[in-house]
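Engineer: Sharing a structure below in structure tokens format, with a few things to ask.
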Amino acid sequence: MTRFLLPLVAIALFMSFFRLGSVTLFDVDEAVFSEATKEMVESGDWITPTYNGENRYDKPILFYWLMAVSYKAFGINEFSARFPSALSGFLLCLALFFFVRHFHDKERAFYAALPLALSLYFLVYSHAAVTDMALALFITLSLFSFFLSLELRGGAGRYIYGLYIFSALAFLTKGLIGILFPFGIAVFYLLSTEGFKGMKRVFSVTGILLFLLLSAPWYIAQMGINGNEFIQQFFIKHHFKRYTGVISGHKGPLYYYIPVLIIGLLPWVAFLPGGIREALKDCNKLRVTGNRSTEKNSSLITGNSSLNFFAFIWFAFVFVFFSLSTTKLPNYILPAVPAASILISSGMAARDRWRKYANAVIAVIMIAVGVAFLISEKYLVKFGISDTGWILPVSLAAFAVALICLYAARTEKTVYGLTSAMMVTFLLLLSVKALPLANRQLQGTLHKYSLFARERLDKEEKIIVYGINHPSIVFYSDRRIVRVGNREELMPLFARGRRLLLIAKAKEITGLTQLGFHLLEEDGRYAILERQ
């Protein structure tokens, strides 16, 4: 097993933790989670998260606790804020390997975990101080537990509790979705394979008690402390309204997640249709319990077909659910990625024309990616970005993947090792060159102004942010902010007779100087001004 496990451990560790704290926090989500956790550690209130001194009900408590433990261990910094996500990503890769190993050989298990570890999705969300990778881990472990409770003879007593335990952790990480996905997918799978008589397999009184024991105390405490405000903000606004309406302008068409998945799982996504095809072929084999072992002491059932179909149900459930949601973001679909990886490994293992077609599709897509990067250079220069020396190596890496896959399509050989090596190169170039550049472009000025405000203002003084929402200012300045959206909201602050430091978009400079503000610095996008 070490032939496959050790390389996977090395790849997953490296891709999870490489340059984890090398760039500043991105707005909005990374910075607001990091700041809220900092306030939790400083205040000692481990029940109600706050941001800028105000209660924050967007997400449950578990991820804040994980970040707080990381802060205690490594200090309050970017590495600590992202550590829970990086660790979750690494554990997710290992869990995927060992789970698939139950039903397939070691090589197939390796190629189930590899597309996850060597994907843009993994690079981004294992390096982001947000809940999504931890949520994906807990939902995945809950579904693995459920499936093992069905497929391992005598395993129900041992594994069905995992469905409830990890679902409780998911519920504490991102709310109701942590219940809906594990139990919704489990029920839908049982209905598809065993009909209504299979429903009893998913329910456990002991499991329900374990779920409540883990998840209920915090929710009860929150409702006791904050009452209706918590219910309205947490459940109504950030669950039901987020699904049925548009929150923060994040909307998209019905097909939104198709290009998102293609980009996020390049190049491996080309094998996904073949994996789905294999799962649908297996569907007719999975009626009632005909393919499950009846031997009392058997530890492993069936064949591998049930795993493919289970992964398909899992993937389709999440994909359809969020495609129908009004509010859409790329990270929402992350809980479906482990299932997609299992299906991709099935497509990679298939020895038919579909694998040949997949390699050809990868070649075409990666050529397009390489050309897109080459073309992007002139546009980056127009935006004032002169550091474009990284573009050619990234494009060459994309072209190399395309050539390897063209060779594989022509010869019908497997060249996954070479493809993986070039994907490591491609992703590392993005991490080392493109990510810092994007960070400087998006966050550099705000980080600079925040540090200036930290030096300029006393601890009790606040920064005015005019018409912008950038929590990184609060995190890096270590000062509270006053958010104003127009002149009418700004004018009352003049009466206090204090020095005012303000950060705004550069287009607001003229109007603000007319109100007595003095421009300290601007970079074309943002400006920092002062009024004595």
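Following the order of the structure tokens, first chain is A, next is B, and so on, with residues numbered from 1 inside each chain and ligands from 1 in the order they appear.
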Quick one: contact table of region 16-134 of chain A to region 420-427 of chain A, 9 Å max, nearest atom pair and distance in Å to one decimal per residue, counting only C-alpha atoms, chain and number order, as a Markdown table?
Structural biologist:
| residue | atom | partner | partner_atom | distance |
| --- | --- | --- | --- | --- |
| A:Leu114 | CA | A:Ser420 | CA | 8.1 |
| A:Pro115 | CA | A:Ser420 | CA | 8.6 |
| A:Leu118 | CA | A:Met423 | CA | 6.6 |
| A:Ser119 | CA | A:Leu427 | CA | 7.9 |
| A:Leu120 | CA | A:Leu427 | CA | 7.2 |
| A:Leu123 | CA | A:Leu427 | CA | 7.5 |
Engineer: Out of region 24-89 of chain A, which residues get strand (DSSP E) from DSSP, as a list in words?
Structural biologist: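 Checking each residue of region 24-89 of chain A, the strand (DSSP E) ones are Thr50, Tyr51, Glu54 and Asn55 of chain A.
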Engineer: Print the selection's residues with N, CA and C atoms to a file, as a compact mmCIF listing (two decimals), in the first residue's frame.
Structural biologist:
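Resulting contents of again-v3.txt:
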# COMPACT_ATOMS: atom_id res chain seq x y z
N THR A 50 -18.55 37.73 17.17
CA THR A 50 -18.81 39.13 16.84
C THR A 50 -17.83 39.58 15.77
N TYR A 51 -18.28 40.52 14.96
CA TYR A 51 -17.40 41.18 14.00
C TYR A 51 -17.56 42.69 14.19
N GLU A 54 -20.06 43.66 16.82
CA GLU A 54 -21.48 43.35 16.65
C GLU A 54 -21.66 41.86 16.42
N ASN A 55 -22.75 41.31 16.96
CA ASN A 55 -23.01 39.88 16.82
C ASN A 55 -23.04 39.47 15.35
Engineer: Using only C-alpha atoms, find the one residue out of A:Ile236, A:Leu96, A:Cys283, A:Leu163 that sits nearest to Phe309 (chain A).
Structural biologist: A:Cys283
Engineer: A:Phe122, A:Phe271, A:Tyr332, A:Phe98: which is nearest Gly347 (chain A), counting only C-alpha atoms?
Structural biologist: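 Ranked by minimum distance to Gly347 (chain A), first place goes to A:Phe271.
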Engineer: Using only C-alpha atoms, tabulate the residues of region 392-480 of chain A lying at most 7 Å from any atom of region 494-514 of chain A, each with its closest atom pair and that distance in Å to one decimal, by chain and increasing residue number, as a Markdown table.
Structural biologist:
| residue | atom | partner | partner_atom | distance |
| --- | --- | --- | --- | --- |
| A:Ile463 | CA | A:Leu501 | CA | 5.5 |
| A:Ile464 | CA | A:Leu502 | CA | 4.5 |
| A:Val465 | CA | A:Ile503 | CA | 5.0 |
| A:Tyr466 | CA | A:Ala504 | CA | 4.9 |
| A:Gly467 | CA | A:Ala504 | CA | 6.5 |
| A:Ile468 | CA | A:Ala504 | CA | 6.6 |
Engineer: Excluding Ala186 (chain A) and any residue of its chain fewer than 3 positions from it, enumerate the residues within 10 Å of it, using only C-alpha atoms, and give them as JSON, numbers by chain.
Structural biologist: {"A": [142, 143, 146, 147, 163, 180, 181, 182, 183, 189, 190, 191, 192, 199, 201, 202, 310, 313, 314]}
Engineer: Step one, run DSSP on the backbone; step two, keep only residues of region 165-254 of chain A assigned to helix (DSSP H, G or I); then write them as a PyMOL selection string.
Structural biologist: chain A and resi 165-174+177-193+195-202+205-244
Engineer: When you look at region 369-374 of chain A with a cut-off of 10 Å (counting only C-alpha atoms), what residues show up, excluding the ones that are within fewer than 6 positions of it in the same chain? I need them as number ranges by chain.
Structural biologist: A: 263, 266, 363, 388, 390-402
